[in-house]
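Contents: one structure, followed by commentary.
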Amino acid sequence: MSDNTESPSPRSFLPSIIIAAVLIIAVVVLYFWQPEPEEPKMQKVPAPQQKVDDVAPPIQPMVENTPVAEEELPQYNEPTPQPAPVEKPLDTSDNTIKSLIEATSSYEALAHVLVDDDLLNRFVVFTDNMASEQIANSHRLLKSPKQKFKVYQQADKFWIDASSFKRYSLYTDIFVSMETAEMVNLYKKYLPAISEKYLEIGASSDEFNQVLDNAIEHILDTPEVPTPIEVTTDSVMYKFVDERLESLSPVQKQLLRTGPENMRQIKAKLREFRNTLNAQ
């Protein structure tokens, strides 16, 4: 790096040089210069006859040294120590958190699918439930898609319609578009507040980092299956005909309903997030 500091102008030293010169002159005058003694005025009085040994030495006149005023030194006031900056408390308001989350993605649609209230608590509860292989529907972070779940019938069997997968494509695109490093930084920034929320719900003694890792690992364990996927209905809800799939947790069955391509992208993004978080 080049040194761009400018040398001070010689004129800037001029007052200091004058003051120093005056001080030196004052010291010399005070301590080294002695005034010449004045000649005493002698009266014409006949001197008495005295012996040489009795002659008193001449009286030296008293000379007062005239004090020379020293040049007053410039007065410099010591700078007042500045108080250490007070760290502002972390802003955990929903508006701030939502704005920070939205800033990690270039998709404006994120603002429309993300819920508006109780974001921090929702994230803690929803993640803890996923780690326990459950879904906390009342604590979802994203709004449900407007499109309905669709199936089609063929040969007296029901199959998941591919259009049902597409209703999750926007959510997947938004999630994949989010900057992983910014997501990790945001998570770490709010981890103290997240941990405090986690202690409040009293779910377990694990640290929240471990809870988040368990939730991600459970999602990644979701098996990939070929399409179309056969389902059946009991007039209330659809179930997987394959008992192996129906025995999966609610979290994993929900991920299967997003379709194979969306699931592949979601898993890849979660691995990237987890690897980045563990590397720091």
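Chains: A, B, ... in order of the structure tokens. Residues: from 1 per chain. Ligands: from 1, in order shown.
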Report task. Among the residues of region 131-261 of chain A, find those DSSP assigns to strand (DSSP E) from the backbone and print them as a PyMOL selection string. Result -> chain A and resi 151-154+157-160+230-233+238-240
Keeping C-alpha atoms for every residue in the selection just given, could you write it to a file as a PDB file, in the first residue's frame?
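Writing the result to selection03.pdb gives the following:
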ATOM      1  CA  VAL A 151     -54.482 -36.171  -8.182  1.00  0.00           C
ATOM      2  CA  TYR A 152     -55.583 -37.984 -11.298  1.00  0.00           C
ATOM      3  CA  GLN A 153     -57.273 -41.339 -11.682  1.00  0.00           C
ATOM      4  CA  GLN A 154     -56.051 -44.072 -14.009  1.00  0.00           C
ATOM      5  CA  LYS A 157     -55.929 -45.939  -9.089  1.00  0.00           C
ATOM      6  CA  PHE A 158     -55.082 -42.422  -7.897  1.00  0.00           C
ATOM      7  CA  TRP A 159     -51.765 -40.794  -8.611  1.00  0.00           C
ATOM      8  CA  ILE A 160     -50.276 -37.463  -7.583  1.00  0.00           C
ATOM      9  CA  GLU A 230     -49.760 -43.760  -6.048  1.00  0.00           C
ATOM     10  CA  VAL A 231     -52.062 -42.515  -3.298  1.00  0.00           C
ATOM     11  CA  THR A 232     -55.378 -43.501  -1.816  1.00  0.00           C
ATOM     12  CA  THR A 233     -58.072 -41.551   0.005  1.00  0.00           C
ATOM     13  CA  TYR A 238     -54.742 -38.756   0.801  1.00  0.00           C
ATOM     14  CA  LYS A 239     -52.267 -41.426   1.915  1.00  0.00           C
ATOM     15  CA  PHE A 240     -49.389 -43.169   0.171  1.00  0.00           C
TER      16      PHE A 240
END
Requested in this report: Compile the contact shell of region 208-217 of chain A as number ranges by chain: residues with an atom at most 12 Å away, counting only C-alpha atoms, same-chain residues fewer than 3 positions apart removed.
Outcome: A: 123-135, 184, 187-188, 190-199, 201-205, 220-222, 249, 251-252, 266-275, 277-278
Print the selection's residues with N, CA and C atoms to a file, as a short mmCIF file (atom, residue, chain, number, x, y, z; two decimals), in the first residue's frame.
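Writing done, so here's out15.cif:
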data_model
loop_
_atom_site.label_atom_id
_atom_site.label_comp_id
_atom_site.auth_asym_id
_atom_site.auth_seq_id
_atom_site.Cartn_x
_atom_site.Cartn_y
_atom_site.Cartn_z
N PHE A 123 -39.54 -19.86 14.12
CA PHE A 123 -38.38 -20.60 13.64
C PHE A 123 -37.91 -21.60 14.69
N VAL A 124 -37.88 -21.18 15.94
CA VAL A 124 -37.40 -22.06 17.01
C VAL A 124 -38.33 -23.26 17.18
N VAL A 125 -39.63 -23.00 17.27
CA VAL A 125 -40.60 -24.07 17.51
C VAL A 125 -40.66 -25.01 16.31
N PHE A 126 -40.69 -24.44 15.09
CA PHE A 126 -40.81 -25.27 13.89
C PHE A 126 -39.57 -26.15 13.73
N THR A 127 -38.39 -25.60 13.98
CA THR A 127 -37.15 -26.37 13.86
C THR A 127 -37.09 -27.47 14.90
N ASP A 128 -37.48 -27.15 16.13
CA ASP A 128 -37.48 -28.16 17.20
C ASP A 128 -38.44 -29.30 16.86
N ASN A 129 -39.58 -28.97 16.29
CA ASN A 129 -40.53 -30.02 15.90
C ASN A 129 -39.98 -30.87 14.76
N MET A 130 -39.32 -30.25 13.79
CA MET A 130 -38.74 -31.03 12.70
C MET A 130 -37.66 -31.98 13.21
N ALA A 131 -36.86 -31.51 14.18
CA ALA A 131 -35.84 -32.39 14.77
C ALA A 131 -36.49 -33.58 15.47
N SER A 132 -37.73 -33.37 15.93
CA SER A 132 -38.49 -34.45 16.58
C SER A 132 -39.36 -35.19 15.58
N GLU A 133 -39.14 -34.93 14.27
CA GLU A 133 -39.82 -35.60 13.17
C GLU A 133 -41.31 -35.28 13.12
N GLN A 134 -41.64 -34.03 13.53
CA GLN A 134 -43.03 -33.59 13.49
C GLN A 134 -43.09 -32.23 12.78
N ILE A 135 -44.30 -31.83 12.41
CA ILE A 135 -44.52 -30.53 11.78
C ILE A 135 -45.42 -29.69 12.69
N VAL A 184 -26.12 -17.89 6.85
CA VAL A 184 -25.34 -18.37 8.00
C VAL A 184 -25.00 -17.20 8.93
N TYR A 187 -28.07 -16.19 10.82
CA TYR A 187 -28.37 -17.19 11.86
C TYR A 187 -27.44 -17.01 13.06
N LYS A 188 -26.16 -16.83 12.80
CA LYS A 188 -25.19 -16.68 13.89
C LYS A 188 -25.42 -15.37 14.66
N TYR A 190 -28.26 -13.93 15.22
CA TYR A 190 -29.43 -14.06 16.08
C TYR A 190 -29.40 -15.32 16.95
N LEU A 191 -28.31 -16.06 16.92
CA LEU A 191 -28.24 -17.29 17.70
C LEU A 191 -28.44 -17.07 19.20
N PRO A 192 -27.87 -16.00 19.82
CA PRO A 192 -28.16 -15.78 21.25
C PRO A 192 -29.65 -15.62 21.54
N ALA A 193 -30.34 -14.85 20.70
CA ALA A 193 -31.78 -14.67 20.89
C ALA A 193 -32.54 -15.97 20.60
N ILE A 194 -32.08 -16.71 19.60
CA ILE A 194 -32.69 -18.00 19.27
C ILE A 194 -32.53 -18.98 20.43
N SER A 195 -31.33 -19.03 20.99
CA SER A 195 -31.07 -19.94 22.11
C SER A 195 -31.91 -19.57 23.32
N GLU A 196 -32.10 -18.27 23.53
CA GLU A 196 -32.94 -17.82 24.65
C GLU A 196 -34.39 -18.27 24.45
N LYS A 197 -34.87 -18.13 23.20
CA LYS A 197 -36.22 -18.59 22.90
C LYS A 197 -36.34 -20.10 23.08
N TYR A 198 -35.30 -20.80 22.71
CA TYR A 198 -35.32 -22.26 22.81
C TYR A 198 -35.37 -22.71 24.28
N LEU A 199 -34.67 -21.99 25.14
CA LEU A 199 -34.71 -22.31 26.56
C LEU A 199 -36.10 -22.04 27.15
N ILE A 201 -39.01 -22.46 25.68
CA ILE A 201 -39.97 -23.52 25.39
C ILE A 201 -39.60 -24.81 26.12
N GLY A 202 -38.36 -24.89 26.63
CA GLY A 202 -37.94 -26.01 27.46
C GLY A 202 -38.06 -27.35 26.77
N ALA A 203 -37.69 -27.39 25.49
CA ALA A 203 -37.85 -28.63 24.74
C ALA A 203 -36.87 -29.71 25.18
N SER A 204 -35.61 -29.38 25.29
CA SER A 204 -34.61 -30.36 25.70
C SER A 204 -33.38 -29.61 26.19
N SER A 205 -32.36 -30.36 26.58
CA SER A 205 -31.14 -29.75 27.08
C SER A 205 -30.11 -29.55 25.98
N LEU A 220 -32.77 -34.64 5.08
CA LEU A 220 -31.89 -35.25 4.09
C LEU A 220 -32.07 -36.76 4.01
N ASP A 221 -32.61 -37.37 5.06
CA ASP A 221 -32.83 -38.82 5.07
C ASP A 221 -34.09 -39.23 4.30
N THR A 222 -34.84 -38.25 3.79
CA THR A 222 -36.05 -38.57 3.03
C THR A 222 -35.68 -39.34 1.76
N SER A 249 -42.04 -39.98 8.43
CA SER A 249 -42.52 -38.92 9.33
C SER A 249 -43.32 -37.88 8.53
N VAL A 251 -42.78 -34.82 8.30
CA VAL A 251 -41.83 -33.92 7.63
C VAL A 251 -41.39 -34.51 6.30
N GLN A 252 -41.04 -35.78 6.30
CA GLN A 252 -40.53 -36.42 5.09
C GLN A 252 -41.64 -36.62 4.06
N ILE A 266 -33.83 -28.68 -2.74
CA ILE A 266 -33.93 -28.33 -1.33
C ILE A 266 -32.84 -29.05 -0.53
N LYS A 267 -32.63 -30.33 -0.82
CA LYS A 267 -31.59 -31.09 -0.12
C LYS A 267 -30.21 -30.51 -0.39
N ALA A 268 -29.95 -30.16 -1.65
CA ALA A 268 -28.63 -29.61 -2.00
C ALA A 268 -28.37 -28.31 -1.25
N LYS A 269 -29.40 -27.47 -1.15
CA LYS A 269 -29.23 -26.18 -0.46
C LYS A 269 -29.02 -26.40 1.03
N LEU A 270 -29.72 -27.35 1.63
CA LEU A 270 -29.54 -27.63 3.05
C LEU A 270 -28.14 -28.17 3.34
N ARG A 271 -27.62 -29.02 2.47
CA ARG A 271 -26.25 -29.52 2.65
C ARG A 271 -25.25 -28.36 2.58
N GLU A 272 -25.46 -27.47 1.63
CA GLU A 272 -24.57 -26.31 1.49
C GLU A 272 -24.63 -25.44 2.73
N PHE A 273 -25.82 -25.19 3.24
CA PHE A 273 -25.98 -24.38 4.45
C PHE A 273 -25.28 -25.03 5.64
N ARG A 274 -25.51 -26.33 5.83
CA ARG A 274 -24.92 -27.02 6.97
C ARG A 274 -23.39 -27.05 6.89
N ASN A 275 -22.86 -27.30 5.70
CA ASN A 275 -21.41 -27.35 5.52
C ASN A 275 -20.78 -25.98 5.80
N LEU A 277 -22.06 -23.57 7.70
CA LEU A 277 -22.20 -23.29 9.13
C LEU A 277 -21.15 -24.04 9.94
N ASN A 278 -20.92 -25.31 9.62
CA ASN A 278 -19.95 -26.11 10.38
C ASN A 278 -18.51 -25.69 10.11
#
Query raised in the report: If you run DSSP on the backbone, which residues of region 65-279 of chain A are alpha helix (DSSP H), as an NGL selection string?
Result: :A and (94-102 or 110-113 or 119-131 or 162-166 or 169-177 or 180-189 or 191-201 or 208-220 or 243-246 or 250-256 or 260-279)
Near region 167-183 of chain A, 12 Å: region 207-265 of chain A residue rows, closest pairs, only C-alpha atoms, as a tab-separated table:
residue	atom	partner	partner_atom	distance
A:Gln254	CA	A:Tyr168	CA	10.8
A:Leu255	CA	A:Tyr168	CA	9.9
A:Leu256	CA	A:Tyr168	CA	11.1
A:Arg257	CA	A:Tyr168	CA	8.8
A:Thr258	CA	A:Tyr168	CA	5.8
A:Gly259	CA	A:Tyr168	CA	8.3
A:Pro260	CA	A:Ser169	CA	11.1
A:Glu261	CA	A:Ser169	CA	9.0
A:Asn262	CA	A:Thr172	CA	6.1
A:Met263	CA	A:Thr172	CA	8.4
A:Arg264	CA	A:Thr172	CA	9.9
A:Gln265	CA	A:Val176	CA	7.1
Requested in this report: May I ask for the distance between CA of Ala111 (chain A) and CA of Pro145 (chain A), given in Å to one decimal place?
Outcome: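 If I compute the distance from CA of Ala111 (chain A) to CA of Pro145 (chain A), I get 14.0 Å.
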Query raised in the report: What is the distance, in Å and to one decimal place, between CA of Asp234 (chain A) and CA of Asp156 (chain A)?
Result: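 Answer for the CA of Asp234 (chain A) to CA of Asp156 (chain A) separation: 14.8 Å.
Our summary of the geometry notes that CA of Leu142 (chain A) is positioned 22.9 Å from CA of Glu200 (chain A).
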Region 92-103 of chain A: which residues within 8 Å, counting only C-alpha atoms, same-chain residues fewer than 2 positions away excluded, as a PDB file with N, CA and C atoms, in the first residue's frame?
ATOM      1  N   LEU A  90     -29.794  -6.181  20.377  1.00  0.00           N
ATOM      2  CA  LEU A  90     -30.182  -6.806  19.117  1.00  0.00           C
ATOM      3  C   LEU A  90     -31.662  -6.560  18.845  1.00  0.00           C
ATOM      4  N   SER A 105     -32.142 -12.800  -0.485  1.00  0.00           N
ATOM      5  CA  SER A 105     -32.632 -13.330  -1.758  1.00  0.00           C
ATOM      6  C   SER A 105     -32.958 -12.197  -2.717  1.00  0.00           C
ATOM      7  N   SER A 106     -32.834 -12.482  -3.993  1.00  0.00           N
ATOM      8  CA  SER A 106     -33.175 -11.491  -5.022  1.00  0.00           C
ATOM      9  C   SER A 106     -34.641 -11.587  -5.424  1.00  0.00           C
ATOM     10  N   TYR A 107     -35.360 -12.555  -4.872  1.00  0.00           N
ATOM     11  CA  TYR A 107     -36.762 -12.743  -5.202  1.00  0.00           C
ATOM     12  C   TYR A 107     -37.643 -11.833  -4.346  1.00  0.00           C
ATOM     13  N   GLU A 108     -38.361 -10.924  -5.000  1.00  0.00           N
ATOM     14  CA  GLU A 108     -39.288 -10.064  -4.273  1.00  0.00           C
ATOM     15  C   GLU A 108     -40.463 -10.863  -3.720  1.00  0.00           C
ATOM     16  N   LEU A 110     -40.401 -13.367  -1.954  1.00  0.00           N
ATOM     17  CA  LEU A 110     -40.142 -13.841  -0.594  1.00  0.00           C
ATOM     18  C   LEU A 110     -40.955 -13.053   0.420  1.00  0.00           C
ATOM     19  N   ALA A 111     -41.124 -11.774   0.185  1.00  0.00           N
ATOM     20  CA  ALA A 111     -41.885 -10.935   1.110  1.00  0.00           C
ATOM     21  C   ALA A 111     -43.346 -11.359   1.181  1.00  0.00           C
ATOM     22  N   LEU A 114     -43.484 -15.168   3.086  1.00  0.00           N
ATOM     23  CA  LEU A 114     -42.999 -15.224   4.459  1.00  0.00           C
ATOM     24  C   LEU A 114     -44.040 -14.623   5.398  1.00  0.00           C
ATOM     25  N   ASP A 116     -45.686 -12.717   8.711  1.00  0.00           N
ATOM     26  CA  ASP A 116     -45.346 -11.379   9.192  1.00  0.00           C
ATOM     27  C   ASP A 116     -45.165 -11.271  10.709  1.00  0.00           C
ATOM     28  N   ASP A 117     -45.517 -12.310  11.431  1.00  0.00           N
ATOM     29  CA  ASP A 117     -45.514 -12.162  12.886  1.00  0.00           C
ATOM     30  C   ASP A 117     -44.771 -13.302  13.590  1.00  0.00           C
ATOM     31  N   ASP A 118     -44.161 -12.953  14.728  1.00  0.00           N
ATOM     32  CA  ASP A 118     -43.541 -13.936  15.629  1.00  0.00           C
ATOM     33  C   ASP A 118     -42.516 -14.811  14.912  1.00  0.00           C
ATOM     34  N   LEU A 119     -41.700 -14.200  14.054  1.00  0.00           N
ATOM     35  CA  LEU A 119     -40.785 -14.972  13.212  1.00  0.00           C
ATOM     36  C   LEU A 119     -39.763 -15.759  14.018  1.00  0.00           C
ATOM     37  N   LEU A 120     -39.157 -15.117  14.989  1.00  0.00           N
ATOM     38  CA  LEU A 120     -38.092 -15.780  15.744  1.00  0.00           C
ATOM     39  C   LEU A 120     -38.640 -16.986  16.515  1.00  0.00           C
ATOM     40  N   MET A 183     -27.134 -16.187   4.887  1.00  0.00           N
ATOM     41  CA  MET A 183     -28.042 -16.927   5.755  1.00  0.00           C
ATOM     42  C   MET A 183     -27.326 -17.393   7.020  1.00  0.00           C
ATOM     43  N   LEU A 186     -26.613 -14.399   9.282  1.00  0.00           N
ATOM     44  CA  LEU A 186     -27.836 -13.957   9.931  1.00  0.00           C
ATOM     45  C   LEU A 186     -28.216 -14.905  11.068  1.00  0.00           C
ATOM     46  N   ALA A 193     -30.342 -14.854  20.699  1.00  0.00           N
ATOM     47  CA  ALA A 193     -31.784 -14.674  20.892  1.00  0.00           C
ATOM     48  C   ALA A 193     -32.542 -15.967  20.603  1.00  0.00           C
TER      49      ALA A 193
END
